[in-house]
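Asks: Structure: entry.tsv, TSV, C-alpha atoms.
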chain	number	residue	atom	x	y	z
J	196	MET	CA	96.56	50.40	111.80
J	197	ILE	CA	99.95	49.41	113.17
J	198	PRO	CA	99.45	47.75	116.58
J	199	TYR	CA	101.05	49.47	119.55
J	200	ALA	CA	103.17	46.39	120.31
J	201	GLU	CA	104.73	46.66	116.83
J	202	LEU	CA	105.39	50.39	117.31
J	203	GLU	CA	107.01	49.78	120.69
J	204	ALA	CA	109.17	47.02	119.22
J	205	PHE	CA	110.10	49.34	116.33
J	206	PHE	CA	111.24	52.17	118.61
J	207	THR	CA	113.06	49.96	121.13
J	208	GLY	CA	114.73	48.25	118.15
J	209	LEU	CA	115.80	51.64	116.80
J	210	VAL	CA	117.33	52.61	120.14
J	211	THR	CA	118.97	49.19	120.57
J	212	THR	CA	120.58	49.52	117.13
J	213	ALA	CA	121.72	53.06	117.93
J	214	GLN	CA	123.25	51.99	121.23
J	215	SER	CA	125.02	49.07	119.54
J	216	ARG	CA	126.64	51.61	117.22
J	217	GLY	CA	127.91	53.63	120.17
J	218	ILE	CA	125.19	56.29	119.99
J	219	THR	CA	124.12	57.47	123.45
J	220	CYS	CA	120.34	57.64	123.42
J	221	ALA	CA	117.31	56.40	125.33
J	222	ILE	CA	113.52	56.50	125.32
J	223	THR	CA	111.78	58.94	127.64
J	224	SER	CA	108.30	60.44	128.28
J	225	GLY	CA	105.17	58.35	127.62
J	226	MET	CA	106.75	55.05	126.56
J	227	ALA	CA	109.16	55.31	129.49
J	228	CYS	CA	106.22	55.91	131.84
J	229	VAL	CA	104.60	52.70	130.62
J	230	HIS	CA	107.87	50.87	131.15
J	231	PHE	CA	108.12	52.19	134.72
J	232	GLY	CA	104.55	51.29	135.64
J	233	VAL	CA	102.41	54.33	134.80
J	234	ALA	CA	100.14	53.74	131.82
J	235	ALA	CA	100.24	56.57	129.28
J	236	THR	CA	98.13	56.67	126.14
J	237	THR	CA	100.82	57.57	123.67
J	238	LYS	CA	101.80	55.66	120.56
J	239	ASP	CA	104.63	57.98	119.54
J	240	CYS	CA	108.12	58.06	120.94
J	241	ASP	CA	110.42	60.64	122.53
J	242	VAL	CA	114.14	59.94	122.50
J	243	LEU	CA	116.95	61.74	124.25
J	244	CYS	CA	120.14	61.60	122.19
J	245	ALA	CA	123.56	62.98	123.07
J	246	ALA	CA	124.17	66.06	120.92
J	247	SER	CA	127.62	64.74	120.04
J	248	ASP	CA	125.93	61.73	118.39
J	249	ALA	CA	123.39	63.81	116.43
J	250	ASP	CA	124.83	63.08	112.98
J	251	ALA	CA	125.04	59.34	113.55
J	252	PHE	CA	121.53	59.14	115.00
J	253	ARG	CA	120.06	61.26	112.19
J	254	GLU	CA	121.70	58.98	109.64
J	255	LEU	CA	120.22	55.94	111.40
J	256	VAL	CA	116.72	57.41	111.66
J	257	ALA	CA	116.74	58.67	108.08
J	258	THR	CA	117.56	55.20	106.74
J	259	THR	CA	115.25	53.18	109.02
J	260	THR	CA	112.07	51.97	107.37
J	261	LEU	CA	108.74	51.26	109.01
J	262	ARG	CA	106.51	49.12	106.81
J	263	ASP	CA	108.76	50.03	103.87
J	264	LEU	CA	108.39	53.77	104.51
J	265	LEU	CA	111.32	56.13	105.11
J	266	PRO	CA	110.79	59.04	107.52
J	267	SER	CA	110.58	62.73	106.80
J	268	TYR	CA	110.89	65.69	109.10
J	269	ARG	CA	107.45	66.44	110.53
J	270	GLY	CA	105.87	69.54	109.02
J	271	TYR	CA	107.82	72.70	108.34
J	272	ILE	CA	108.20	73.50	112.03
J	273	SER	CA	110.77	70.87	112.95
J	274	PRO	CA	114.25	72.20	113.60
J	275	PRO	CA	117.10	70.13	112.11
J	276	LEU	CA	118.54	67.25	114.13
J	277	ASP	CA	121.91	68.88	114.57
J	278	ALA	CA	124.24	69.11	117.58
J	279	ARG	CA	124.29	72.93	117.61
J	280	TRP	CA	120.53	73.30	118.07
J	281	MET	CA	120.15	70.21	120.24
J	282	ARG	CA	122.54	71.74	122.77
J	283	GLY	CA	120.18	74.69	122.99
J	284	GLY	CA	117.14	72.53	123.78
J	285	TRP	CA	115.47	72.38	120.36
J	286	THR	CA	113.50	69.25	119.40
J	287	ALA	CA	113.59	67.56	115.98
J	288	HIS	CA	110.37	65.84	114.85
J	289	PHE	CA	110.26	62.90	112.45
J	290	THR	CA	107.31	61.08	110.96
J	291	TRP	CA	106.73	57.86	109.08
J	292	LYS	CA	103.59	58.40	107.00
J	293	THR	CA	101.87	55.20	108.07
J	294	ARG	CA	98.11	54.86	107.69
J	295	PRO	CA	95.61	55.69	108.98
J	296	ASP	CA	97.75	57.68	111.40
J	297	GLU	CA	101.38	58.61	111.05
J	298	THR	CA	104.08	57.36	113.42
J	299	CYS	CA	106.07	60.11	115.10
J	300	LEU	CA	109.45	60.37	116.78
J	301	ASP	CA	110.73	63.41	118.70
J	302	VAL	CA	114.47	63.68	119.32
J	303	PHE	CA	116.13	66.08	121.72
J	304	GLY	CA	119.50	66.44	123.39
J	305	LEU	CA	118.58	67.99	126.72
J	306	ALA	CA	115.99	66.80	129.21
J	307	PRO	CA	113.80	69.83	129.98
J	308	ARG	CA	114.18	70.69	133.68
J	309	GLY	CA	116.93	68.08	133.99
J	310	SER	CA	119.21	68.60	137.00
J	311	GLY	CA	122.00	66.29	135.84
J	312	PRO	CA	123.37	64.31	132.90
J	313	TRP	CA	120.63	61.94	131.74
J	314	GLN	CA	123.30	59.84	129.96
J	315	THR	CA	124.65	58.51	133.26
J	316	GLN	CA	121.26	57.25	134.45
J	317	LEU	CA	120.14	54.89	131.69
J	318	ARG	CA	118.01	51.80	132.30
J	319	GLY	CA	118.72	49.84	129.12
J	320	ASN	CA	116.63	51.44	126.36
J	321	TYR	CA	115.13	53.98	128.79
J	322	VAL	CA	116.28	57.00	130.77
J	323	SER	CA	115.79	56.78	134.53
J	324	PRO	CA	112.43	57.48	136.23
J	325	HIS	CA	114.10	60.50	137.90
J	326	VAL	CA	114.75	62.12	134.51
J	327	VAL	CA	111.25	61.30	133.25
J	328	ALA	CA	109.70	62.75	136.42
J	329	GLU	CA	111.69	66.00	136.09
J	330	MET	CA	110.43	66.27	132.53
J	331	LYS	CA	106.84	65.88	133.74
J	332	ARG	CA	106.88	69.26	135.57
J	333	THR	CA	105.12	70.88	132.64
J	334	ASN	CA	102.34	73.37	132.06
J	335	ARG	CA	99.94	70.47	131.37
J	336	ASP	CA	97.77	69.43	134.32
J	337	LYS	CA	97.69	65.82	133.13
J	338	ASP	CA	101.44	65.39	133.65
J	339	TRP	CA	101.58	65.98	137.41
J	340	PRO	CA	100.08	62.67	138.60
J	341	PHE	CA	102.69	60.95	136.43
J	342	ALA	CA	105.48	62.75	138.33
J	343	THR	CA	104.01	61.67	141.67
J	344	ALA	CA	103.55	58.09	140.47
J	345	LEU	CA	107.17	57.92	139.27
J	346	GLY	CA	108.36	59.45	142.56
J	347	GLY	CA	106.47	56.79	144.49
J	348	GLU	CA	107.92	54.07	142.29
J	349	MET	CA	111.41	55.41	143.04
J	350	LEU	CA	110.83	55.48	146.80
J	351	ASP	CA	109.44	51.96	146.64
J	352	ALA	CA	112.67	50.92	144.90
J	353	GLY	CA	114.75	52.56	147.66
J	354	ARG	CA	115.72	55.66	145.66
J	355	PRO	CA	115.32	58.76	147.88
J	356	GLU	CA	115.26	61.15	144.87
J	357	GLY	CA	111.63	60.09	144.66
J	358	TRP	CA	110.96	62.71	147.35
J	359	LEU	CA	111.59	65.40	144.72
J	360	HIS	CA	108.63	64.21	142.67
J	361	LEU	CA	105.73	63.74	145.11
J	362	TYR	CA	103.12	66.45	144.39
J	363	ASP	CA	100.28	65.04	146.47
J	364	ALA	CA	99.74	66.06	150.12
J	365	ASP	CA	98.30	62.71	151.12
J	366	VAL	CA	101.16	60.72	149.59
J	367	LEU	CA	103.74	63.04	151.19
J	368	ARG	CA	102.21	62.60	154.66
J	369	LYS	CA	101.86	58.83	154.43
J	370	ALA	CA	105.35	58.36	152.93
J	371	ALA	CA	106.94	60.46	155.69
J	372	ARG	CA	105.40	58.15	158.31
J	373	GLN	CA	107.46	55.33	156.87
J	374	SER	CA	110.71	57.27	156.51
J	375	PRO	CA	111.40	61.04	156.52
J	376	PRO	CA	112.99	62.75	153.51
J	377	PRO	CA	116.80	62.94	153.70
J	378	ALA	CA	118.25	66.32	154.75
J	379	ARG	CA	120.31	66.60	151.55
J	380	MET	CA	117.09	67.00	149.54
J	381	LEU	CA	115.91	70.09	151.37
J	382	ARG	CA	117.92	72.57	149.33
J	383	SER	CA	116.53	71.32	146.03
J	384	ARG	CA	113.01	71.19	147.42
J	385	PRO	CA	112.33	73.40	150.48
J	386	LEU	CA	108.81	71.94	150.82
J	387	LEU	CA	110.42	68.83	152.32
J	388	LYS	CA	111.22	70.91	155.43
J	389	LEU	CA	107.50	70.64	156.21
J	390	ALA	CA	107.86	66.89	156.98
J	391	PRO	CA	105.94	65.09	158.52
J	392	PHE	CA	103.47	67.15	156.44
J	393	ASP	CA	100.74	67.24	159.10
J	394	ASP	CA	100.01	70.94	158.48
J	395	THR	CA	97.87	69.96	155.52
J	396	LEU	CA	96.70	73.42	154.46
J	397	ARG	CA	100.23	74.79	154.45
J	398	VAL	CA	101.53	71.77	152.52
J	399	LYS	CA	98.77	72.16	149.94
J	400	ARG	CA	99.51	75.87	149.54
J	401	VAL	CA	103.22	75.23	148.95
J	402	LEU	CA	102.39	72.38	146.54
J	403	LEU	CA	100.16	74.78	144.65
J	404	ALA	CA	102.97	77.34	144.53
J	405	GLU	CA	105.42	74.72	143.23
J	406	ARG	CA	103.07	73.67	140.47
J	407	VAL	CA	102.36	77.24	139.42
J	408	PHE	CA	106.10	77.91	139.43
J	409	TRP	CA	107.04	74.97	137.20
J	410	SER	CA	104.03	75.49	134.96
J	411	GLU	CA	104.84	79.17	134.40
J	412	LEU	CA	108.51	78.36	133.82
J	413	ASP	CA	107.52	75.84	131.15
J	414	GLU	CA	105.16	78.32	129.49
J	415	LEU	CA	107.83	81.00	129.39
J	416	ARG	CA	110.36	78.52	128.01
J	417	ILE	CA	108.03	77.46	125.17
J	418	ARG	CA	107.16	81.09	124.43
J	419	ILE	CA	110.84	81.92	123.98
J	420	TYR	CA	111.36	79.08	121.50
J	421	HIS	CA	108.17	79.84	119.56
J	422	ARG	CA	109.13	83.46	119.04
J	423	HIS	CA	111.92	82.25	116.75
J	424	LEU	CA	109.89	79.50	115.05
J	425	ARG	CA	107.48	82.11	113.68
J	426	ARG	CA	110.12	83.13	111.12
J	427	TYR	CA	111.76	79.73	110.69
J	428	THR	CA	108.63	77.75	109.74
J	429	PRO	CA	107.62	79.80	106.66
J	430	ALA	CA	111.27	79.91	105.59
J	431	VAL	CA	111.39	76.07	105.58
J	432	ARG	CA	108.09	75.95	103.65
J	433	ARG	CA	109.51	78.26	100.97
J	434	ALA	CA	112.82	76.38	100.81
J	435	SER	CA	110.92	73.07	100.46
J	436	GLY	CA	108.79	74.39	97.61
J	437	GLY	CA	105.72	73.38	99.61
J	438	ARG	CA	106.68	69.69	99.68
J	439	ARG	CA	105.75	68.20	103.04
J	440	ASP	CA	106.86	64.65	102.24
J	441	MET	CA	110.47	65.38	101.37
J	442	PRO	CA	112.75	62.60	102.74
J	443	ALA	CA	114.66	63.62	105.86
J	444	THR	CA	118.02	63.33	104.06
J	445	GLU	CA	116.87	65.77	101.39
J	446	SER	CA	115.18	68.18	103.78
J	447	HIS	CA	117.98	68.32	106.33
J	448	PRO	CA	120.38	70.71	104.51
J	449	LEU	CA	117.47	73.07	103.74
J	450	ARG	CA	116.54	73.17	107.42
J	451	ILE	CA	120.13	73.81	108.43
J	452	GLU	CA	120.23	76.84	106.13
J	453	CYS	CA	116.92	78.17	107.50
J	454	ALA	CA	117.99	77.50	111.08
J	455	ARG	CA	121.25	79.38	110.56
J	456	VAL	CA	119.23	82.46	109.69
J	457	HIS	CA	116.21	82.16	111.99
J	458	LEU	CA	116.93	79.87	114.96
J	459	PRO	CA	119.41	81.01	117.61
J	460	VAL	CA	121.27	78.01	118.94
J	461	GLN	CA	120.84	79.05	122.59
J	462	PRO	CA	117.55	80.97	122.90
J	463	LEU	CA	117.09	80.32	126.64
J	464	ARG	CA	120.63	81.27	127.54
J	465	ASP	CA	120.31	84.40	125.38
J	466	TYR	CA	117.14	85.33	127.25
J	467	GLY	CA	118.84	84.66	130.58
J	468	LEU	CA	118.21	81.63	132.78
J	469	GLY	CA	118.29	83.75	135.93
J	470	ARG	CA	115.93	86.23	134.32
J	471	MET	CA	113.49	83.42	133.52
J	472	VAL	CA	113.45	82.22	137.12
J	473	ALA	CA	113.12	85.77	138.47
J	474	GLU	CA	110.17	86.54	136.18
J	475	VAL	CA	108.38	83.34	137.13
J	476	ARG	CA	108.96	83.93	140.85
J	477	GLN	CA	107.35	87.33	140.38
J	478	THR	CA	104.34	85.67	138.74
J	479	VAL	CA	104.01	83.23	141.65
J	480	SER	CA	104.24	86.13	144.08
J	481	VAL	CA	101.26	87.78	142.40
J	482	THR	CA	99.12	84.70	141.68
J	483	VAL	CA	99.73	82.68	144.86
J	484	GLY	CA	101.26	85.20	147.28
J	485	PRO	CA	104.67	86.60	148.27
J	486	ASP	CA	104.77	84.44	151.41
J	487	VAL	CA	105.41	81.27	149.36
J	488	LEU	CA	108.55	82.51	147.58
J	489	ASP	CA	110.89	81.05	150.21
J	490	TRP	CA	109.34	77.65	149.58
J	491	LEU	CA	109.98	77.55	145.84
J	492	PRO	CA	112.59	75.12	144.50
J	493	ALA	CA	116.08	76.18	143.49
J	494	ALA	CA	115.30	75.85	139.80
J	495	GLU	CA	118.67	77.17	138.64
J	496	GLU	CA	119.95	73.60	138.87
J	497	ASN	CA	117.20	72.40	136.50
J	498	PHE	CA	118.82	73.87	133.40
J	499	TYR	CA	121.50	71.20	133.17
J	500	GLY	CA	123.33	71.43	129.86
J	501	LEU	CA	122.17	74.98	129.17
J	502	ASP	CA	124.16	76.57	131.94
J	503	ALA	CA	127.61	75.95	130.43
C	230	MET	CA	104.91	52.40	150.08
C	231	ARG	CA	103.28	50.11	147.56
C	232	LYS	CA	99.87	50.36	149.25
C	233	ILE	CA	100.18	54.16	149.52
C	234	MET	CA	100.96	54.40	145.84
C	235	TYR	CA	98.22	51.98	144.82
C	236	ASP	CA	95.68	54.20	146.60
C	237	PHE	CA	97.15	57.21	144.82
C	238	HIS	CA	96.92	55.50	141.41
C	239	VAL	CA	93.25	54.70	142.07
C	240	ARG	CA	92.59	58.33	143.01
C	241	ALA	CA	94.64	59.84	140.15
C	242	PHE	CA	94.03	57.44	137.27
C	243	GLY	CA	91.00	55.36	138.26
C	244	GLU	CA	90.63	51.74	139.35
C	245	GLU	CA	91.21	50.11	135.98
C	246	LEU	CA	94.45	51.97	135.19
C	247	ALA	CA	95.65	51.42	138.76
C	248	ARG	CA	95.12	47.69	138.30
C	249	ILE	CA	97.05	47.77	135.01
C	250	ASN	CA	99.88	49.86	136.47
C	251	PHE	CA	100.55	47.29	139.17
C	252	LEU	CA	100.66	44.28	136.86
C	253	PRO	CA	104.02	42.62	136.09
C	254	GLU	CA	105.85	44.33	133.22
C	255	LYS	CA	104.92	41.97	130.39
C	256	ARG	CA	101.22	41.85	131.26
C	257	ARG	CA	101.18	45.61	131.94
C	258	LYS	CA	102.60	46.45	128.51
C	259	GLN	CA	100.18	44.04	126.88
C	260	ALA	CA	97.23	45.67	128.68
C	261	VAL	CA	98.41	49.17	127.70
C	262	ALA	CA	98.82	48.04	124.10
C	263	GLU	CA	95.26	46.67	124.04
C	264	MET	CA	93.92	49.88	125.57
C	265	ILE	CA	95.73	52.12	123.07
C	266	ASP	CA	94.78	49.98	120.06
C	267	HIS	CA	91.14	49.92	121.17
C	268	ALA	CA	91.09	53.72	121.49
C	269	ARG	CA	92.68	54.16	118.06
C	270	LYS	CA	90.19	51.76	116.46
C	271	LYS	CA	87.42	53.93	117.90
C	272	GLY	CA	88.94	56.98	116.21
C	273	VAL	CA	90.83	58.54	119.13
C	274	LYS	CA	93.76	60.59	117.82
C	275	LEU	CA	96.80	60.11	120.04
C	276	THR	CA	99.42	61.96	118.02
C	277	ARG	CA	100.58	65.19	119.65
C	278	PRO	CA	101.23	68.37	117.70
C	279	ALA	CA	104.83	69.13	116.73
C	280	LEU	CA	105.97	72.24	118.59
C	281	GLY	CA	109.65	72.49	117.72
C	282	VAL	CA	110.40	72.03	121.38
C	283	THR	CA	109.47	69.41	123.97
C	284	PRO	CA	106.89	70.52	126.56
Once you've parsed the file, please lay out its structure as structure tokens.

Replies:
Amino acid sequence: MIPYAELEAFFTGLVTTAQSRGITCAITSGMACVHFGVAATTKDCDVLCAASDADAFRELVATTTLRDLLPSYRGYISPPLDARWMRGGWTAHFTWKTRPDETCLDVFGLAPRGSGPWQTQLRGNYVSPHVVAEMKRTNRDKDWPFATALGGEMLDAGRPEGWLHLYDADVLRKAARQSPPPARMLRSRPLLKLAPFDDTLRVKRVLLAERVFWSELDELRIRIYHRHLRRYTPAVRRASGGRRDMPATESHPLRIECARVHLPVQPLRDYGLGRMVAEVRQTVSVTVGPDVLDWLPAAEENFYGLDA
Amino acid sequence: MRKIMYDFHVRAFGEELARINFLPEKRRKQAVAEMIDHARKKGVKLTRPALGVTP
């Protein structure tokens, strides 16, 4: 088994090398959480990479060995690491077939739910806690305490954007006693108008509505992508002749050909970003109640990079 | 703010993880590494499924 410390050194080394070659990239998700003070039990790595640097980063990954092993794309499902699909929010998966468990790397160009350019907010090898926290608004219950923890860490460091990530009524109330949320945050997160958050039941109801909203938006987003992967995955399997261990350099052109046929480059934009938000608001109206709709966040700004 | 967040970490993640989360960076990463390696030695699978898109 490769110790976690070696894996972390491997991935930070990969990103350091990439950055030294002028490739804009940084570690996010679980490893970034650990870096920012929230322990996450992940041994794999997620990296955000500028789409314009996709070719250079793919070349670097494909030629980087871990314990003398070169990586391959992971399974037949992985889209190609290519600027066109990265700009549409697709994720490329790589694996080094280490034993007893493989070592995995996910690479994507856009931060899901990102409200701004992640490239301008780097902290060395890592994206900022703000970007990581936005990415934690998922349909997985386990992610939400991480968002709150990162938000608290930001406030503690004097960064008011932390107010956008507190999803706990008790933390909101206690934090507001020290300093109220700035007025400029209210548009992005109407819940902050409820400061000092003493109306606990109302705060909890709006928090619930926010979580349902983001969770449903994430589910819809994943559903849209998966619809296209249903045809792409068997096409890659056929093109690969059933070989799962094909080196990334060999597999890449096959995946490009399959993606050209089966993967639209902008599936969310094709579906309609406004339509996604409208459908999810309707779901919240039914599941939580129509009275909470005015308290939902202005999620249109959380499609940064897709809205061009 | 630090005390507020420490209480939250205890409530959300438990006392042991809260303690680890508030250690200095080097010791924190070392503690996380030990925790992850221990879990893997006991057979816990930590690799997530590939979805084609990031959750």

Asks: Find the spatial neighbours of region 326-337 of chain J, counting all atoms listed in the file, within a cut-off of 9 Å - ignore same-chain residues fewer than 2 positions away - and output them as an MDAnalysis selection string.

Replies: (chainID J and resid 223:225 227:228 306:311 313 316 322:324 339:346 357 359:360 406:407 409:414 497) or (chainID C and resid 284)

Asks: If we count only C-alpha atoms and set the cut-off at 10 Å, which residues sit around Ala247 (chain C), ignoring sequence neighbours fewer than 5 positions away in its own chain? Please answer as JSON, numbers by chain.

Replies: {"J": [232, 233, 234], "C": [234, 235, 236, 237, 238, 239, 240, 241, 242, 252]}

Asks: Please provide as a ChimeraX atom specification all residues within 10 Å of Glu297 (chain J), with the sequence filter that same-chain residues fewer than 5 positions apart are discarded (counting all atoms listed in the file).

Replies: /J:196-197,238-239,269,289-292 /C:276

Asks: Figure out the distance between CA of Tyr427 (chain J) and CA of His457 (chain J), please, to one decimal in Å.

Replies: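 Those two atoms sit 5.2 Å apart.
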
Asks: Neighbouring residues of Arg269 (chain C) were defined as those with any atom within 12 Å, considering only C-alpha atoms; residues of the same chain fewer than 6 positions away were excluded. Please report them as a PyMOL selection string.

Replies: (chain J and resi 196-199+236-238+294-296) or (chain C and resi 262-263+275-276)

Asks: Hey, what's within 7 Å of Pro376 (chain J) if we count only C-alpha atoms and toss same-chain stuff fewer than 3 positions away? As a list in words, please?

Replies: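 Listed by chain and then number, they are Trp358, Ala371 and Leu387 of chain J.
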
Asks: Hey, list the chain C side of the contact with chain J: 7 Å cut-off, only C-alpha atoms, answer as a list in words.

Replies: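 Using only C-alpha atoms, chain C residues at most 7 Å from chain J: Met230, Arg231, Ile233, Met234, Ala241, Leu246, Asn250, Phe251, Lys258, Val261, Ala262, Ile265, Asp266, Leu275, Thr276, Ala279, Gly281, Val282, Thr283 and Pro284 of chain C.
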
Asks: Could you give me region 252-272 of chain J completed to N, CA and C atoms, formatted as a CSV table (one decimal), in the frame of the given file?

Replies:
chain,number,residue,atom,x,y,z
J,252,PHE,N,122.9,59.5,114.7
J,252,PHE,CA,121.5,59.1,115.0
J,252,PHE,C,120.6,59.6,113.9
J,253,ARG,N,120.9,60.8,113.3
J,253,ARG,CA,120.1,61.3,112.2
J,253,ARG,C,120.2,60.3,111.0
J,254,GLU,N,121.4,59.9,110.7
J,254,GLU,CA,121.7,59.0,109.6
J,254,GLU,C,120.9,57.7,109.8
J,255,LEU,N,120.9,57.2,111.1
J,255,LEU,CA,120.2,55.9,111.4
J,255,LEU,C,118.7,56.1,111.2
J,256,VAL,N,118.2,57.2,111.8
J,256,VAL,CA,116.7,57.4,111.7
J,256,VAL,C,116.3,57.6,110.2
J,257,ALA,N,117.1,58.4,109.5
J,257,ALA,CA,116.7,58.7,108.1
J,257,ALA,C,116.7,57.4,107.2
J,258,THR,N,117.5,56.4,107.6
J,258,THR,CA,117.6,55.2,106.7
J,258,THR,C,116.8,54.0,107.3
J,259,THR,N,116.0,54.3,108.4
J,259,THR,CA,115.2,53.2,109.0
J,259,THR,C,113.8,53.2,108.5
J,260,THR,N,113.4,52.1,107.9
J,260,THR,CA,112.1,52.0,107.4
J,260,THR,C,111.1,51.4,108.4
J,261,LEU,N,109.9,51.8,108.3
J,261,LEU,CA,108.7,51.3,109.0
J,261,LEU,C,107.7,50.9,108.0
J,262,ARG,N,107.4,49.6,107.8
J,262,ARG,CA,106.5,49.1,106.8
J,262,ARG,C,106.9,49.7,105.4
J,263,ASP,N,108.2,49.6,105.2
J,263,ASP,CA,108.8,50.0,103.9
J,263,ASP,C,108.7,51.5,103.6
J,264,LEU,N,108.4,52.3,104.7
J,264,LEU,CA,108.4,53.8,104.5
J,264,LEU,C,109.6,54.4,105.2
J,265,LEU,N,110.2,55.4,104.5
J,265,LEU,CA,111.3,56.1,105.1
J,265,LEU,C,110.7,57.4,105.8
J,266,PRO,N,111.4,57.9,106.8
J,266,PRO,CA,110.8,59.0,107.5
J,266,PRO,C,111.1,60.4,106.8
J,267,SER,N,110.3,61.3,107.2
J,267,SER,CA,110.6,62.7,106.8
J,267,SER,C,110.5,63.6,108.1
J,268,TYR,N,111.1,64.8,108.0
J,268,TYR,CA,110.9,65.7,109.1
J,268,TYR,C,109.4,66.0,109.2
J,269,ARG,N,108.9,66.3,110.4
J,269,ARG,CA,107.4,66.4,110.5
J,269,ARG,C,107.1,67.9,110.3
J,270,GLY,N,106.3,68.2,109.3
J,270,GLY,CA,105.9,69.5,109.0
J,270,GLY,C,107.1,70.4,108.7
J,271,TYR,N,106.8,71.7,108.6
J,271,TYR,CA,107.8,72.7,108.3
J,271,TYR,C,108.4,73.2,109.6
J,272,ILE,N,107.8,72.9,110.8
J,272,ILE,CA,108.2,73.5,112.0
J,272,ILE,C,109.4,72.8,112.6
